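One structure is given below, encoded as structure tokens.
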Amino acid sequence: MTTAVKKKTPTVALKVTPGKMAPMKSAPVKPAAAVKPAPVKAPLPAKAPVAAKAAPMAAKAPVPAKVFVPARKHEFKGGDFVVYPTHGVGRIQKVDEQEVAGIKLELFVIAFEKDKMILRVPTAKAKAVGMRKLSSPDVVTTALNTLKGRARIKRTMWSRRAQEYEAKINSGDLVSIAEVVRDLHRAGGQPEQSYSERQLYEAALARMAREVAAIERIDEPTAVKRVESALVKKAA
């Protein structure tokens with residue numbers, strides 16, 4: 001078996017003979033041209049901002065002009081005597097405004113001197129609760145003539161009659177009150193009144209006398225005497 005032997009190729013060193021090298025000429029450097037400064041431009045005036053175009057607004061509905069509402073006229077005014085059914089004759093001190101539960105109310109301020117009481121009644125409900133002016137002279141004459149009539153006593157239990165008498169007193173009607181005075185009055189020689197009868201009689205007499213006094217502009221004791229004189233004439 002034969003082996004192939006590779007022959008090495010001998011390396012030949014090349015000698016470089018130093019020779020004279022031509023000097024290298026450098027290219028002449030041109031002087032840099034003077035840089036002229038750029039002319040500075042004056043700043044332009046700032047433009048006013050252009051307002052953005054507003055979207056077209058819907059036309060507003062015209063506001064109605066305020067209508068002047070005159071003050072409401074009432075049947076009653078300050079200084080008037082009035083009759084309140086459950087309290088009798090009182091005098092209006094003034095018409096006042098007061099806020100109740102967020103609602104403004106107009107009120108009659110009524111003073112009852114005999115009872116030392118102040119009552120406030122809404123003006124809108126005065127008629128509904130039965131408040132009225134003083135009776136006319138004709139009604140007073142009718143009431144005084146009623147006292148001269150014969151007593152009309154029902155044959156029922158006293159408790160029921162007492163309720164009817166009390167309802168008449170609180171009705172505010174002068175003639176109805178006169179009927180109670182007439183029926184409960186006791187002249188000499190008649191049976192005495194019970195305690196409850198006496199109370200109702202005095203209440204009706206006082207209620208009637210106060211209205212007569214206010215109508216005829218006399219004091220209350222004088223009015224009581226006038227009422228009692230009509231009762232005496234009945235008994236005679």
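Ordering of the structure tokens sets the chain letters (A, B, ...), residue numbers begin anew at 1 in every chain, and ligands are numbered from 1 in the order given.
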Exercise. Identify, on the basis of only C-alpha atoms, every residue whose closest approach to stretch 105-111 of chain A does not exceed 8 Å; exclude the query and any residue fewer than 5 positions from it along the same chain; express the result as a PyMOL selection string.
Key: chain A and resi 90-100+116-124
Quiz prompt | DSSP alpha helix (DSSP H) residues within stretch 166-195 of chain A, listed as a VMD selection string | solution = chain A and resid 166 to 169 174 to 184 195
Quiz prompt | Proximity to A:Pro85 - best of A:Arg226, A:Lys114, A:Lys127, A:Arg155, only C-alpha atoms | solution = A:Lys127
Quiz prompt | Contacts of stretch 206-216 of chain A within 8 Å, only C-alpha atoms, excl. fewer than 6 positions in-chain, as a ChimeraX atom specification | solution = /A:81,83,88-89,134-137,140,169,174,177-178,222-224,227
Can those selected residues be exported to a file as a PDB file, in the first residue's frame so that it contains N, CA, C and O atoms?
ATOM      1  N   PHE A  81    -116.519  94.775  64.088  1.00  0.00           N
ATOM      2  CA  PHE A  81    -117.039  93.751  64.993  1.00  0.00           C
ATOM      3  C   PHE A  81    -117.595  92.622  64.136  1.00  0.00           C
ATOM      4  O   PHE A  81    -118.299  92.860  63.148  1.00  0.00           O
ATOM      5  N   VAL A  83    -119.052  88.257  64.314  1.00  0.00           N
ATOM      6  CA  VAL A  83    -119.556  87.175  65.161  1.00  0.00           C
ATOM      7  C   VAL A  83    -118.939  85.873  64.672  1.00  0.00           C
ATOM      8  O   VAL A  83    -119.124  85.489  63.516  1.00  0.00           O
ATOM      9  N   GLY A  88    -118.691  83.929  69.737  1.00  0.00           N
ATOM     10  CA  GLY A  88    -119.500  85.126  69.873  1.00  0.00           C
ATOM     11  C   GLY A  88    -118.876  86.346  69.207  1.00  0.00           C
ATOM     12  O   GLY A  88    -118.189  86.237  68.191  1.00  0.00           O
ATOM     13  N   VAL A  89    -119.105  87.516  69.822  1.00  0.00           N
ATOM     14  CA  VAL A  89    -118.689  88.782  69.224  1.00  0.00           C
ATOM     15  C   VAL A  89    -117.208  89.056  69.516  1.00  0.00           C
ATOM     16  O   VAL A  89    -116.757  88.977  70.663  1.00  0.00           O
ATOM     17  N   LEU A 134    -122.222  91.782  62.235  1.00  0.00           N
ATOM     18  CA  LEU A 134    -123.252  91.915  63.259  1.00  0.00           C
ATOM     19  C   LEU A 134    -124.639  91.895  62.612  1.00  0.00           C
ATOM     20  O   LEU A 134    -124.803  92.289  61.453  1.00  0.00           O
ATOM     21  N   SER A 135    -125.599  91.447  63.364  1.00  0.00           N
ATOM     22  CA  SER A 135    -126.971  91.379  62.850  1.00  0.00           C
ATOM     23  C   SER A 135    -127.515  92.787  62.590  1.00  0.00           C
ATOM     24  O   SER A 135    -127.080  93.775  63.193  1.00  0.00           O
ATOM     25  N   SER A 136    -128.470  92.848  61.697  1.00  0.00           N
ATOM     26  CA  SER A 136    -129.115  94.129  61.389  1.00  0.00           C
ATOM     27  C   SER A 136    -130.093  94.495  62.507  1.00  0.00           C
ATOM     28  O   SER A 136    -130.502  93.642  63.301  1.00  0.00           O
ATOM     29  N   PRO A 137    -130.492  95.766  62.605  1.00  0.00           N
ATOM     30  CA  PRO A 137    -131.478  96.168  63.629  1.00  0.00           C
ATOM     31  C   PRO A 137    -132.774  95.373  63.532  1.00  0.00           C
ATOM     32  O   PRO A 137    -133.414  95.102  64.568  1.00  0.00           O
ATOM     33  N   VAL A 140    -132.339  92.174  65.392  1.00  0.00           N
ATOM     34  CA  VAL A 140    -132.353  92.418  66.841  1.00  0.00           C
ATOM     35  C   VAL A 140    -133.792  92.530  67.337  1.00  0.00           C
ATOM     36  O   VAL A 140    -134.157  91.960  68.386  1.00  0.00           O
ATOM     37  N   ILE A 169    -126.683  77.778  70.533  1.00  0.00           N
ATOM     38  CA  ILE A 169    -125.789  78.839  71.019  1.00  0.00           C
ATOM     39  C   ILE A 169    -124.576  78.978  70.108  1.00  0.00           C
ATOM     40  O   ILE A 169    -124.150  80.090  69.770  1.00  0.00           O
ATOM     41  N   LEU A 174    -128.586  84.909  66.025  1.00  0.00           N
ATOM     42  CA  LEU A 174    -129.099  85.648  67.178  1.00  0.00           C
ATOM     43  C   LEU A 174    -130.497  85.192  67.584  1.00  0.00           C
ATOM     44  O   LEU A 174    -130.804  85.086  68.783  1.00  0.00           O
ATOM     45  N   ILE A 177    -130.290  81.880  69.445  1.00  0.00           N
ATOM     46  CA  ILE A 177    -129.780  82.089  70.808  1.00  0.00           C
ATOM     47  C   ILE A 177    -130.892  82.640  71.698  1.00  0.00           C
ATOM     48  O   ILE A 177    -131.032  82.260  72.882  1.00  0.00           O
ATOM     49  N   ALA A 178    -131.702  83.545  71.131  1.00  0.00           N
ATOM     50  CA  ALA A 178    -132.829  84.092  71.896  1.00  0.00           C
ATOM     51  C   ALA A 178    -133.812  82.989  72.285  1.00  0.00           C
ATOM     52  O   ALA A 178    -134.420  83.034  73.379  1.00  0.00           O
ATOM     53  N   THR A 222    -125.798  97.098  80.318  1.00  0.00           N
ATOM     54  CA  THR A 222    -127.030  97.741  79.855  1.00  0.00           C
ATOM     55  C   THR A 222    -127.769  96.827  78.880  1.00  0.00           C
ATOM     56  O   THR A 222    -129.010  96.732  78.896  1.00  0.00           O
ATOM     57  N   ALA A 223    -127.032  96.127  78.034  1.00  0.00           N
ATOM     58  CA  ALA A 223    -127.652  95.194  77.089  1.00  0.00           C
ATOM     59  C   ALA A 223    -128.305  94.033  77.818  1.00  0.00           C
ATOM     60  O   ALA A 223    -129.376  93.544  77.416  1.00  0.00           O
ATOM     61  N   VAL A 224    -127.667  93.550  78.897  1.00  0.00           N
ATOM     62  CA  VAL A 224    -128.254  92.456  79.686  1.00  0.00           C
ATOM     63  C   VAL A 224    -129.590  92.893  80.270  1.00  0.00           C
ATOM     64  O   VAL A 224    -130.590  92.145  80.254  1.00  0.00           O
ATOM     65  N   VAL A 227    -132.311  92.835  77.623  1.00  0.00           N
ATOM     66  CA  VAL A 227    -132.780  91.481  77.325  1.00  0.00           C
ATOM     67  C   VAL A 227    -133.682  90.975  78.450  1.00  0.00           C
ATOM     68  O   VAL A 227    -134.754  90.384  78.212  1.00  0.00           O
TER      69      VAL A 227
END
Extract the full set of strand (DSSP E or B) residues from stretch 98-165 of chain A according to DSSP on the backbone, and format it as an mmCIF file with N, CA, C and O atoms, in the first residue's frame.
data_model
loop_
_atom_site.group_PDB
_atom_site.id
_atom_site.type_symbol
_atom_site.label_atom_id
_atom_site.label_comp_id
_atom_site.auth_asym_id
_atom_site.auth_seq_id
_atom_site.Cartn_x
_atom_site.Cartn_y
_atom_site.Cartn_z
ATOM 1 N N GLN A 98 -99.050 85.221 57.414
ATOM 2 C CA GLN A 98 -98.230 84.298 58.185
ATOM 3 C C GLN A 98 -97.916 83.080 57.339
ATOM 4 O O GLN A 98 -98.758 82.627 56.560
ATOM 5 N N GLU A 99 -96.683 82.562 57.486
ATOM 6 C CA GLU A 99 -96.275 81.378 56.721
ATOM 7 C C GLU A 99 -96.481 80.138 57.573
ATOM 8 O O GLU A 99 -95.924 80.019 58.672
ATOM 9 N N VAL A 100 -97.277 79.220 57.064
ATOM 10 C CA VAL A 100 -97.575 77.976 57.774
ATOM 11 C C VAL A 100 -97.237 76.808 56.860
ATOM 12 O O VAL A 100 -97.806 76.668 55.784
ATOM 13 N N ILE A 103 -96.459 77.695 53.337
ATOM 14 C CA ILE A 103 -97.533 78.340 52.577
ATOM 15 C C ILE A 103 -97.901 79.647 53.262
ATOM 16 O O ILE A 103 -98.108 79.690 54.473
ATOM 17 N N LYS A 104 -97.965 80.710 52.476
ATOM 18 C CA LYS A 104 -98.340 82.009 53.023
ATOM 19 C C LYS A 104 -99.862 82.099 53.129
ATOM 20 O O LYS A 104 -100.573 81.847 52.165
ATOM 21 N N LEU A 105 -100.306 82.454 54.317
ATOM 22 C CA LEU A 105 -101.736 82.578 54.572
ATOM 23 C C LEU A 105 -102.057 84.004 54.999
ATOM 24 O O LEU A 105 -101.298 84.625 55.723
ATOM 25 N N GLU A 106 -103.210 84.471 54.557
ATOM 26 C CA GLU A 106 -103.713 85.767 54.990
ATOM 27 C C GLU A 106 -104.750 85.509 56.079
ATOM 28 O O GLU A 106 -105.664 84.701 55.891
ATOM 29 N N LEU A 107 -104.588 86.168 57.212
ATOM 30 C CA LEU A 107 -105.394 85.847 58.382
ATOM 31 C C LEU A 107 -106.082 87.078 58.955
ATOM 32 O O LEU A 107 -105.516 88.176 58.964
ATOM 33 N N PHE A 108 -107.294 86.867 59.455
ATOM 34 C CA PHE A 108 -107.960 87.863 60.294
ATOM 35 C C PHE A 108 -107.528 87.612 61.730
ATOM 36 O O PHE A 108 -107.665 86.491 62.239
ATOM 37 N N VAL A 109 -107.005 88.636 62.374
ATOM 38 C CA VAL A 109 -106.626 88.527 63.787
ATOM 39 C C VAL A 109 -107.766 89.135 64.598
ATOM 40 O O VAL A 109 -107.999 90.343 64.560
ATOM 41 N N ILE A 110 -108.503 88.276 65.329
ATOM 42 C CA ILE A 110 -109.719 88.695 66.035
ATOM 43 C C ILE A 110 -109.482 88.615 67.534
ATOM 44 O O ILE A 110 -109.004 87.599 68.049
ATOM 45 N N ALA A 111 -109.823 89.694 68.231
ATOM 46 C CA ALA A 111 -109.682 89.746 69.688
ATOM 47 C C ALA A 111 -111.052 89.603 70.345
ATOM 48 O O ALA A 111 -112.011 90.275 69.945
ATOM 49 N N PHE A 112 -111.123 88.731 71.353
ATOM 50 C CA PHE A 112 -112.329 88.563 72.171
ATOM 51 C C PHE A 112 -111.973 89.060 73.573
ATOM 52 O O PHE A 112 -111.373 88.317 74.370
ATOM 53 N N MET A 117 -108.931 86.430 74.611
ATOM 54 C CA MET A 117 -108.462 85.445 73.635
ATOM 55 C C MET A 117 -108.234 86.118 72.282
ATOM 56 O O MET A 117 -108.935 87.063 71.921
ATOM 57 N N ILE A 118 -107.218 85.637 71.562
ATOM 58 C CA ILE A 118 -106.928 86.074 70.193
ATOM 59 C C ILE A 118 -107.129 84.878 69.275
ATOM 60 O O ILE A 118 -106.595 83.795 69.516
ATOM 61 N N LEU A 119 -107.900 85.099 68.225
ATOM 62 C CA LEU A 119 -108.184 84.025 67.264
ATOM 63 C C LEU A 119 -107.719 84.479 65.885
ATOM 64 O O LEU A 119 -107.969 85.616 65.478
ATOM 65 N N ARG A 120 -107.032 83.571 65.164
ATOM 66 C CA ARG A 120 -106.571 83.854 63.803
ATOM 67 C C ARG A 120 -107.347 82.964 62.833
ATOM 68 O O ARG A 120 -107.269 81.741 62.921
ATOM 69 N N VAL A 121 -108.049 83.613 61.923
ATOM 70 C CA VAL A 121 -108.914 82.892 60.977
ATOM 71 C C VAL A 121 -108.440 83.174 59.559
ATOM 72 O O VAL A 121 -108.312 84.344 59.174
ATOM 73 N N PRO A 122 -108.132 82.142 58.752
ATOM 74 C CA PRO A 122 -107.755 82.388 57.346
ATOM 75 C C PRO A 122 -108.862 83.149 56.618
ATOM 76 O O PRO A 122 -110.039 82.801 56.721
ATOM 77 N N ARG A 132 -119.528 86.057 60.516
ATOM 78 C CA ARG A 132 -120.458 86.987 59.875
ATOM 79 C C ARG A 132 -120.358 88.367 60.504
ATOM 80 O O ARG A 132 -119.734 88.550 61.563
ATOM 81 N N LYS A 133 -120.995 89.316 59.856
ATOM 82 C CA LYS A 133 -121.096 90.658 60.422
ATOM 83 C C LYS A 133 -122.152 90.667 61.519
ATOM 84 O O LYS A 133 -122.906 89.705 61.704
#
Quiz item: Can you tell me, as a PyMOL selection string, what residues are no more than 8 Å from A:Thr86 when counting only C-alpha atoms, ignoring any on the same chain fewer than 4 positions away?
Solution: chain A and resi 169-172
Mind dumping the selected residues with N, CA, C and O atoms as a PDB file, in the first residue's frame?
ATOM      1  N   ILE A 169    -126.683  77.778  70.533  1.00  0.00           N
ATOM      2  CA  ILE A 169    -125.789  78.839  71.019  1.00  0.00           C
ATOM      3  C   ILE A 169    -124.576  78.978  70.108  1.00  0.00           C
ATOM      4  O   ILE A 169    -124.150  80.090  69.770  1.00  0.00           O
ATOM      5  N   ASN A 170    -124.019  77.846  69.690  1.00  0.00           N
ATOM      6  CA  ASN A 170    -122.808  77.869  68.857  1.00  0.00           C
ATOM      7  C   ASN A 170    -123.092  78.080  67.376  1.00  0.00           C
ATOM      8  O   ASN A 170    -122.159  78.118  66.565  1.00  0.00           O
ATOM      9  N   SER A 171    -124.370  78.197  67.012  1.00  0.00           N
ATOM     10  CA  SER A 171    -124.705  78.447  65.606  1.00  0.00           C
ATOM     11  C   SER A 171    -124.373  79.881  65.206  1.00  0.00           C
ATOM     12  O   SER A 171    -124.173  80.173  64.031  1.00  0.00           O
ATOM     13  N   GLY A 172    -124.369  80.789  66.195  1.00  0.00           N
ATOM     14  CA  GLY A 172    -124.097  82.188  65.890  1.00  0.00           C
ATOM     15  C   GLY A 172    -125.314  82.955  65.440  1.00  0.00           C
ATOM     16  O   GLY A 172    -125.232  84.165  65.210  1.00  0.00           O
TER      17      GLY A 172
END
